[in-house]
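To start, the structure under review is shown below, and the notes come after it.
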Amino acid sequence: MKKLVILGGGTGGTMMANKLRKDLDDDWSITIIDKDNIHYYQPGYLFVPFDINKPREIRRSKREFINPGIEFVISDITNVDWDKQEISTATEGKFNYDILVMATGCDIRPDEVEGLEEGWGHDIYGYYRFNDCQELGKALKRFKGGRMVVNIAEMPIKCPVAPLEFAFLADWYFHERGIRDDVEIEFVTPLSGAFTKPVATKVLTDACEDKNIKIVPNFALGSVDHKAKVIQAFDGSEVEYDMLVSIPPNFGAQVMIDSGIADPMGYIPVDKHTLQPEGRDNVWVLGDGTDVPTSKAGAVAHFQGDVLHENILAYVSGGEQHARSDGHAV
Amino acid sequence: MSLLKDTELNHMAKLMFKWAYFNLLLKGAWLGPPDLMMEGKVR
Ligand SMILES: Cc1cc2nc3c(=O)[nH]c(=O)nc-3n(C[C@H](O)[C@H](O)[C@H](O)COP(=O)(O)OP(=O)(O)OC[C@H]3O[C@@H](n4cnc5c(N)ncnc54)[C@H](O)[C@@H]3O)c2cc1C
């Protein structure tokens, strides 16, 4: 029996397992390893604070989406050894593979900014995790007015447009509550404008103007002082807030750093077209965990999945691998 | 159609994406026509 192992049973890992199970012969086993059995629909994190999605609607069982014929192992991945073709886990032992697909995503790291973790929950909230988006919803209901600052600590982040969407939803929400005139909304970003690409930036800047959302560009967050309610940039500039909605730095899985196969932010270097690490012809990486310069989005993982599907099947049959990723999201 | 505009249709499509995510994307199914890739980008 030949073994295909998939690390991470989130968006990319689940999708790849189901795609490949349809087309790989029965002499291939497919195993997904993930640390838990909870599948979060992450785009829903944006809507929970405003009661548009209920928490229960965006939290499902991972197993529910994994097709028959795929083994699902629940354990923390503790080491990845490409030379030995071996994965170590915290509780389920070691797994060897003939093909490895890696999709362990990325996550927020408030501990990477001075003062941010200490202040979390003290007028500082976020919505990039399941519990956080619920706490933010409660804080929004208590908020009677003042300055709300939506801040991106640094790029890259998952779903780069989500912070602006949040600001737009906040504008709508405060209008609905009849307190919009009592709330200033500031969008404080390390980018030079509202968004990364010029056409989108123009449209989104106009939208911010229409909604009276102030954009503070080129703000490289250095530290947070939750007692003084101020965020400081490395160049010394400061922005005061009454409520800070923070998007902290996003890092790839720590285990990839510990295994010596990722950059210092946990992203795995791959060829941006083939999505393979250099010199590893039986390893593919997709989704938020790569270092490719594209949006970290489920939609991107979906299109990357098409490339992996075609090339992995070609690899198995000994054919040419023609598919190339171009990083598009839609 | 513009994917960038602040419209009711875009908002509803975003909310409906949850259904597509759980029922199509995770299952590894086909997701939309190829022309969609350039929608809103080419004028
Ligand atoms: C607020 C928000 C809004 C978003 N909106 C959109 C949107 O509108 N459209 C869009 O396309 N995308 C959106 N996204 C992004 C999208 O959710 C991600 O890009 C997508 O889920 C990435 O898939 P992935 O498989 O790379 O990672 P994930 O889906 O995050 O899966 C990673 C998996 O790896 C597991 N894992 C990690 N480390 C370990 C370990 N050491 N041991 C075991 N298991 C481990 C995790 O448990 C997890 O299950 C949004 C994200 C957020 C946060």
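Convention: chains lettered A, B, ... in structure tokens order; per-chain residue numbering from 1; ligands numbered from 1 as shown.
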- Tell me the residues of chain A close to chain B, meaning within 9 Å using only C-alpha atoms, as a ChimeraX atom specification. /A:10-20,41,43-44,47,52-53,58,65-67,199-200,203-204,207,298-299,302,305-306,328-330
- Excluding same-chain residues fewer than 5 positions from range 244-247 of chain A, what lies within 10 Å of it counting only C-alpha atoms, as a PyMOL selection string? chain A and resi 108-110+116+119-128+136+147-155+157-158+162-163+166-167+186-189+224+226+229-231
Could those residues be written to a file, using N, CA, C and O atoms, as a compact mmCIF listing (two decimals), in the first residue's frame?
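Here's the written file selection_33.txt:
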```txt
# COMPACT_ATOMS: atom_id res chain seq x y z
N ILE A 108 -3.20 33.92 14.07
CA ILE A 108 -2.74 35.21 14.61
C ILE A 108 -1.80 34.99 15.78
O ILE A 108 -1.92 34.02 16.53
N ARG A 109 -0.87 35.95 15.95
CA ARG A 109 0.10 35.88 17.04
C ARG A 109 0.17 37.23 17.76
O ARG A 109 1.12 38.01 17.56
N PRO A 110 -0.81 37.53 18.65
CA PRO A 110 -0.76 38.81 19.39
C PRO A 110 0.50 38.94 20.23
O PRO A 110 0.96 40.06 20.50
N LEU A 116 0.42 43.91 23.10
CA LEU A 116 -0.87 43.53 22.49
C LEU A 116 -1.55 42.39 23.25
O LEU A 116 -2.74 42.47 23.55
N GLY A 119 -2.93 43.44 26.62
CA GLY A 119 -4.11 44.31 26.54
C GLY A 119 -5.35 43.61 25.98
O GLY A 119 -6.44 44.17 26.02
N TRP A 120 -5.16 42.40 25.45
CA TRP A 120 -6.27 41.71 24.77
C TRP A 120 -7.45 41.57 25.73
O TRP A 120 -7.29 41.09 26.84
N GLY A 121 -8.62 42.02 25.31
CA GLY A 121 -9.80 41.95 26.18
C GLY A 121 -10.01 43.24 26.97
O GLY A 121 -11.08 43.46 27.52
N HIS A 122 -8.99 44.12 27.02
CA HIS A 122 -9.13 45.42 27.69
C HIS A 122 -9.30 46.48 26.60
O HIS A 122 -8.34 47.16 26.24
N ASP A 123 -10.48 46.59 26.08
CA ASP A 123 -10.79 47.49 24.96
C ASP A 123 -10.01 47.12 23.69
O ASP A 123 -9.96 47.89 22.74
N ILE A 124 -9.37 45.96 23.71
CA ILE A 124 -8.72 45.45 22.49
C ILE A 124 -9.38 44.11 22.16
O ILE A 124 -9.41 43.21 23.00
N TYR A 125 -9.88 44.02 20.94
CA TYR A 125 -10.57 42.80 20.51
C TYR A 125 -10.10 42.42 19.12
O TYR A 125 -9.38 43.17 18.47
N GLY A 126 -10.51 41.25 18.70
CA GLY A 126 -10.17 40.80 17.36
C GLY A 126 -11.27 39.90 16.85
O GLY A 126 -12.25 39.64 17.57
N TYR A 127 -11.14 39.41 15.64
CA TYR A 127 -12.17 38.50 15.12
C TYR A 127 -11.55 37.43 14.22
O TYR A 127 -12.20 36.86 13.37
N TYR A 128 -10.25 37.15 14.42
CA TYR A 128 -9.59 36.14 13.59
C TYR A 128 -9.58 34.77 14.27
O TYR A 128 -8.94 33.85 13.76
N LEU A 136 -15.84 40.04 20.69
CA LEU A 136 -15.97 41.33 20.01
C LEU A 136 -17.44 41.71 19.85
O LEU A 136 -17.82 42.88 20.02
N ARG A 147 -13.88 56.47 19.60
CA ARG A 147 -13.07 56.16 18.43
C ARG A 147 -12.78 54.67 18.32
O ARG A 147 -12.12 54.10 19.20
N MET A 148 -13.29 54.07 17.25
CA MET A 148 -12.95 52.67 16.99
C MET A 148 -11.83 52.62 15.96
O MET A 148 -11.97 53.17 14.86
N VAL A 149 -10.73 51.99 16.34
CA VAL A 149 -9.60 51.86 15.42
C VAL A 149 -9.51 50.40 14.96
O VAL A 149 -9.44 49.49 15.78
N VAL A 150 -9.55 50.21 13.64
CA VAL A 150 -9.33 48.89 13.07
C VAL A 150 -7.89 48.88 12.57
O VAL A 150 -7.52 49.67 11.71
N ASN A 151 -7.06 48.02 13.15
CA ASN A 151 -5.63 48.07 12.84
C ASN A 151 -5.08 46.74 12.35
O ASN A 151 -5.25 45.71 12.99
N ILE A 152 -4.41 46.79 11.21
CA ILE A 152 -3.65 45.63 10.71
C ILE A 152 -2.21 45.82 11.21
O ILE A 152 -1.57 46.83 10.87
N ALA A 153 -1.71 44.87 11.98
CA ALA A 153 -0.36 45.02 12.54
C ALA A 153 0.69 44.96 11.43
O ALA A 153 1.58 45.81 11.36
N GLU A 154 0.60 43.95 10.59
CA GLU A 154 1.55 43.82 9.47
C GLU A 154 1.01 42.83 8.46
O GLU A 154 0.10 42.05 8.77
N MET A 155 1.54 42.87 7.27
CA MET A 155 1.16 41.92 6.23
C MET A 155 2.22 40.81 6.22
O MET A 155 3.35 41.07 6.62
N ILE A 157 -1.69 38.91 5.92
CA ILE A 157 -2.74 38.41 6.81
C ILE A 157 -3.70 37.56 5.99
O ILE A 157 -3.75 37.69 4.77
N LYS A 158 -4.44 36.72 6.68
CA LYS A 158 -5.48 35.95 5.99
C LYS A 158 -6.54 36.91 5.49
O LYS A 158 -6.89 37.86 6.20
N ALA A 162 -10.58 41.46 4.63
CA ALA A 162 -11.49 41.30 5.77
C ALA A 162 -11.47 42.51 6.74
O ALA A 162 -12.53 42.89 7.24
N PRO A 163 -10.32 43.15 6.99
CA PRO A 163 -10.35 44.31 7.88
C PRO A 163 -11.20 45.47 7.34
O PRO A 163 -11.91 46.12 8.09
N PHE A 166 -14.73 44.59 7.71
CA PHE A 166 -15.13 44.79 9.10
C PHE A 166 -15.50 46.26 9.34
O PHE A 166 -16.52 46.58 9.95
N ALA A 167 -14.65 47.17 8.84
CA ALA A 167 -14.91 48.61 9.03
C ALA A 167 -16.25 49.00 8.38
O ALA A 167 -17.02 49.77 8.95
N GLU A 186 -11.59 54.59 12.36
CA GLU A 186 -10.29 54.81 11.70
C GLU A 186 -9.72 53.47 11.26
O GLU A 186 -9.74 52.50 12.04
N PHE A 187 -9.22 53.45 10.05
CA PHE A 187 -8.63 52.24 9.49
C PHE A 187 -7.13 52.48 9.40
O PHE A 187 -6.66 53.26 8.58
N VAL A 188 -6.38 51.83 10.29
CA VAL A 188 -4.95 52.10 10.42
C VAL A 188 -4.18 50.90 9.85
O VAL A 188 -4.28 49.78 10.37
N THR A 189 -3.44 51.17 8.78
CA THR A 189 -2.89 50.06 8.00
C THR A 189 -1.40 50.26 7.68
O THR A 189 -0.96 51.40 7.48
N VAL A 224 1.68 48.46 21.67
CA VAL A 224 0.33 48.85 22.10
C VAL A 224 0.41 49.16 23.59
O VAL A 224 1.02 48.41 24.35
N HIS A 226 -2.22 49.52 26.38
CA HIS A 226 -3.66 49.42 26.61
C HIS A 226 -4.13 50.30 27.76
O HIS A 226 -5.31 50.62 27.85
N LYS A 229 -4.43 53.53 26.07
CA LYS A 229 -5.29 53.33 24.90
C LYS A 229 -4.70 53.99 23.65
O LYS A 229 -5.31 54.87 23.03
N VAL A 230 -3.48 53.56 23.35
CA VAL A 230 -2.80 54.15 22.20
C VAL A 230 -1.96 53.07 21.50
O VAL A 230 -1.42 52.18 22.16
N ILE A 231 -1.95 53.14 20.17
CA ILE A 231 -1.03 52.27 19.43
C ILE A 231 0.10 53.13 18.88
O ILE A 231 -0.12 54.27 18.48
```
- Message: Under the rule that only C-alpha atoms are counted, which of A:His309, A:Lys202, A:Lys94, A:Arg63 is the nearest residue to Asp81 in chain A?
- Response: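 Smallest distance to Asp81 in chain A is found for A:Lys94.
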- Message: Run DSSP on the backbone and tell me which residues of range 48-260 of chain A come out as alpha helix (DSSP H); list them as JSON, numbers by chain.
- Response: {"A": [116, 117, 118, 119, 130, 131, 132, 133, 134, 135, 136, 137, 138, 139, 140, 141, 142, 162, 163, 164, 165, 166, 167, 168, 169, 170, 171, 172, 173, 174, 175, 176, 198, 199, 200, 201, 202, 203, 204, 205, 206, 207, 208, 209, 210, 254, 255, 256, 257, 258]}
- Query: Mind checking DSSP for range 89-317 of chain A and telling me the strand (DSSP E) residues as JSON, numbers by chain?
  - Reply: {"A": [89, 94, 95, 96, 99, 100, 101, 102, 106, 107, 108, 124, 125, 146, 147, 148, 149, 150, 151, 152, 183, 184, 185, 186, 187, 188, 213, 214, 215, 216, 221, 222, 223, 224, 225, 230, 231, 232, 233, 238, 239, 240, 243, 244, 245, 246, 247, 250, 251, 252, 283, 284, 285]}
I need the residues from that last selection saved to file as a short mmCIF file (atom, residue, chain, number, x, y, z; two decimals), in the first residue's frame (with N, CA and C atoms), if you can.
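The file below, selection37.cif, is the result:
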```cif
data_model
loop_
_atom_site.label_atom_id
_atom_site.label_comp_id
_atom_site.auth_asym_id
_atom_site.auth_seq_id
_atom_site.Cartn_x
_atom_site.Cartn_y
_atom_site.Cartn_z
N THR A 89 3.79 12.77 15.56
CA THR A 89 2.63 13.39 16.21
C THR A 89 2.75 13.26 17.72
N LYS A 94 4.36 7.87 14.70
CA LYS A 94 4.95 8.44 13.48
C LYS A 94 4.22 7.91 12.24
N PHE A 95 4.25 8.72 11.18
CA PHE A 95 3.61 8.33 9.92
C PHE A 95 4.62 8.52 8.79
N ASN A 96 4.83 7.47 8.00
CA ASN A 96 5.66 7.60 6.80
C ASN A 96 4.77 7.90 5.61
N ILE A 99 3.76 10.37 -0.58
CA ILE A 99 3.46 11.74 -1.02
C ILE A 99 2.98 12.51 0.20
N LEU A 100 3.45 13.75 0.30
CA LEU A 100 3.02 14.60 1.42
C LEU A 100 2.37 15.88 0.87
N VAL A 101 1.17 16.18 1.38
CA VAL A 101 0.50 17.44 1.08
C VAL A 101 0.39 18.21 2.39
N MET A 102 0.85 19.46 2.38
CA MET A 102 0.88 20.24 3.63
C MET A 102 -0.10 21.40 3.55
N CYS A 106 -2.33 29.32 8.74
CA CYS A 106 -1.65 30.30 9.58
C CYS A 106 -2.62 30.80 10.63
N ASP A 107 -2.09 31.49 11.61
CA ASP A 107 -2.91 31.92 12.74
C ASP A 107 -2.37 33.23 13.28
N ILE A 108 -3.20 33.92 14.07
CA ILE A 108 -2.74 35.21 14.61
C ILE A 108 -1.80 34.99 15.78
N ILE A 124 -9.37 45.96 23.71
CA ILE A 124 -8.72 45.45 22.49
C ILE A 124 -9.38 44.11 22.16
N TYR A 125 -9.88 44.02 20.94
CA TYR A 125 -10.57 42.80 20.51
C TYR A 125 -10.10 42.42 19.12
N GLY A 146 -17.36 56.81 20.55
CA GLY A 146 -15.94 57.06 20.72
C GLY A 146 -15.19 56.66 19.46
N ARG A 147 -13.88 56.47 19.60
CA ARG A 147 -13.07 56.16 18.43
C ARG A 147 -12.78 54.67 18.32
N MET A 148 -13.29 54.07 17.25
CA MET A 148 -12.95 52.67 16.99
C MET A 148 -11.83 52.62 15.96
N VAL A 149 -10.73 51.99 16.34
CA VAL A 149 -9.60 51.86 15.42
C VAL A 149 -9.51 50.40 14.96
N VAL A 150 -9.55 50.21 13.64
CA VAL A 150 -9.33 48.89 13.07
C VAL A 150 -7.89 48.88 12.57
N ASN A 151 -7.06 48.02 13.15
CA ASN A 151 -5.63 48.07 12.84
C ASN A 151 -5.08 46.74 12.35
N ILE A 152 -4.41 46.79 11.21
CA ILE A 152 -3.65 45.63 10.71
C ILE A 152 -2.21 45.82 11.21
N VAL A 183 -19.62 57.78 16.69
CA VAL A 183 -18.48 56.87 16.52
C VAL A 183 -17.59 57.36 15.39
N GLU A 184 -16.29 57.47 15.70
CA GLU A 184 -15.30 57.72 14.63
C GLU A 184 -14.72 56.36 14.26
N ILE A 185 -14.63 56.06 12.99
CA ILE A 185 -13.99 54.81 12.59
C ILE A 185 -12.69 55.14 11.86
N GLU A 186 -11.59 54.59 12.36
CA GLU A 186 -10.29 54.81 11.70
C GLU A 186 -9.72 53.47 11.26
N PHE A 187 -9.22 53.45 10.05
CA PHE A 187 -8.63 52.24 9.49
C PHE A 187 -7.13 52.48 9.40
N VAL A 188 -6.38 51.83 10.29
CA VAL A 188 -4.95 52.10 10.42
C VAL A 188 -4.18 50.90 9.85
N ILE A 213 -15.01 56.88 6.88
CA ILE A 213 -14.00 56.04 7.56
C ILE A 213 -12.64 56.65 7.21
N LYS A 214 -11.90 57.04 8.24
CA LYS A 214 -10.61 57.69 7.99
C LYS A 214 -9.53 56.62 7.79
N ILE A 215 -8.72 56.79 6.75
CA ILE A 215 -7.63 55.83 6.52
C ILE A 215 -6.32 56.44 7.02
N VAL A 216 -5.61 55.71 7.86
CA VAL A 216 -4.26 56.12 8.29
C VAL A 216 -3.28 55.11 7.67
N LEU A 221 2.99 48.98 12.96
CA LEU A 221 2.74 48.87 14.40
C LEU A 221 3.98 48.37 15.15
N GLY A 222 4.35 49.13 16.19
CA GLY A 222 5.50 48.74 17.02
C GLY A 222 5.05 48.21 18.37
N SER A 223 4.09 48.93 18.99
CA SER A 223 3.64 48.49 20.32
C SER A 223 2.25 49.04 20.61
N VAL A 224 1.68 48.46 21.67
CA VAL A 224 0.33 48.85 22.10
C VAL A 224 0.41 49.16 23.59
N ASP A 225 -0.21 50.28 23.98
CA ASP A 225 -0.29 50.59 25.41
C ASP A 225 -1.77 50.61 25.78
N VAL A 230 -3.48 53.56 23.35
CA VAL A 230 -2.80 54.15 22.20
C VAL A 230 -1.96 53.07 21.50
N ILE A 231 -1.95 53.14 20.17
CA ILE A 231 -1.03 52.27 19.43
C ILE A 231 0.10 53.13 18.88
N GLN A 232 1.31 52.56 18.90
CA GLN A 232 2.49 53.31 18.46
C GLN A 232 3.13 52.61 17.27
N ALA A 233 3.55 53.43 16.31
CA ALA A 233 4.26 52.88 15.15
C ALA A 233 5.76 52.95 15.41
N GLU A 238 1.51 57.98 16.66
CA GLU A 238 0.59 57.31 17.58
C GLU A 238 -0.86 57.52 17.12
N VAL A 239 -1.69 56.56 17.45
CA VAL A 239 -3.13 56.71 17.23
C VAL A 239 -3.84 56.29 18.51
N GLU A 240 -4.72 57.16 18.99
CA GLU A 240 -5.48 56.84 20.20
C GLU A 240 -6.76 56.10 19.83
N MET A 243 -11.86 51.86 21.32
CA MET A 243 -11.90 50.40 21.10
C MET A 243 -10.94 50.08 19.97
N LEU A 244 -10.04 49.12 20.22
CA LEU A 244 -9.11 48.70 19.17
C LEU A 244 -9.55 47.34 18.64
N VAL A 245 -9.80 47.28 17.33
CA VAL A 245 -10.07 45.99 16.69
C VAL A 245 -8.78 45.62 15.96
N SER A 246 -8.10 44.62 16.51
CA SER A 246 -6.74 44.35 16.06
C SER A 246 -6.67 43.10 15.18
N ILE A 247 -5.90 43.24 14.11
CA ILE A 247 -5.54 42.06 13.31
C ILE A 247 -4.04 41.89 13.55
N ASN A 250 0.15 37.50 11.42
CA ASN A 250 -0.25 36.11 11.11
C ASN A 250 1.00 35.28 10.87
N PHE A 251 1.10 34.17 11.53
CA PHE A 251 2.26 33.27 11.38
C PHE A 251 1.80 31.90 10.90
N GLY A 252 2.65 31.24 10.16
CA GLY A 252 2.39 29.83 9.82
C GLY A 252 2.57 28.96 11.06
N VAL A 283 6.52 16.39 -2.35
CA VAL A 283 5.90 17.25 -1.33
C VAL A 283 5.24 18.46 -2.02
N TRP A 284 4.00 18.71 -1.63
CA TRP A 284 3.28 19.90 -2.12
C TRP A 284 2.70 20.66 -0.93
N VAL A 285 2.63 21.99 -1.07
CA VAL A 285 2.08 22.82 0.01
C VAL A 285 1.00 23.72 -0.59
#
```
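Between atom 12 (N, counted along the ligand's line) of ligand 1 and CA of Asn37 in chain A there is a distance of 19.9 Å.
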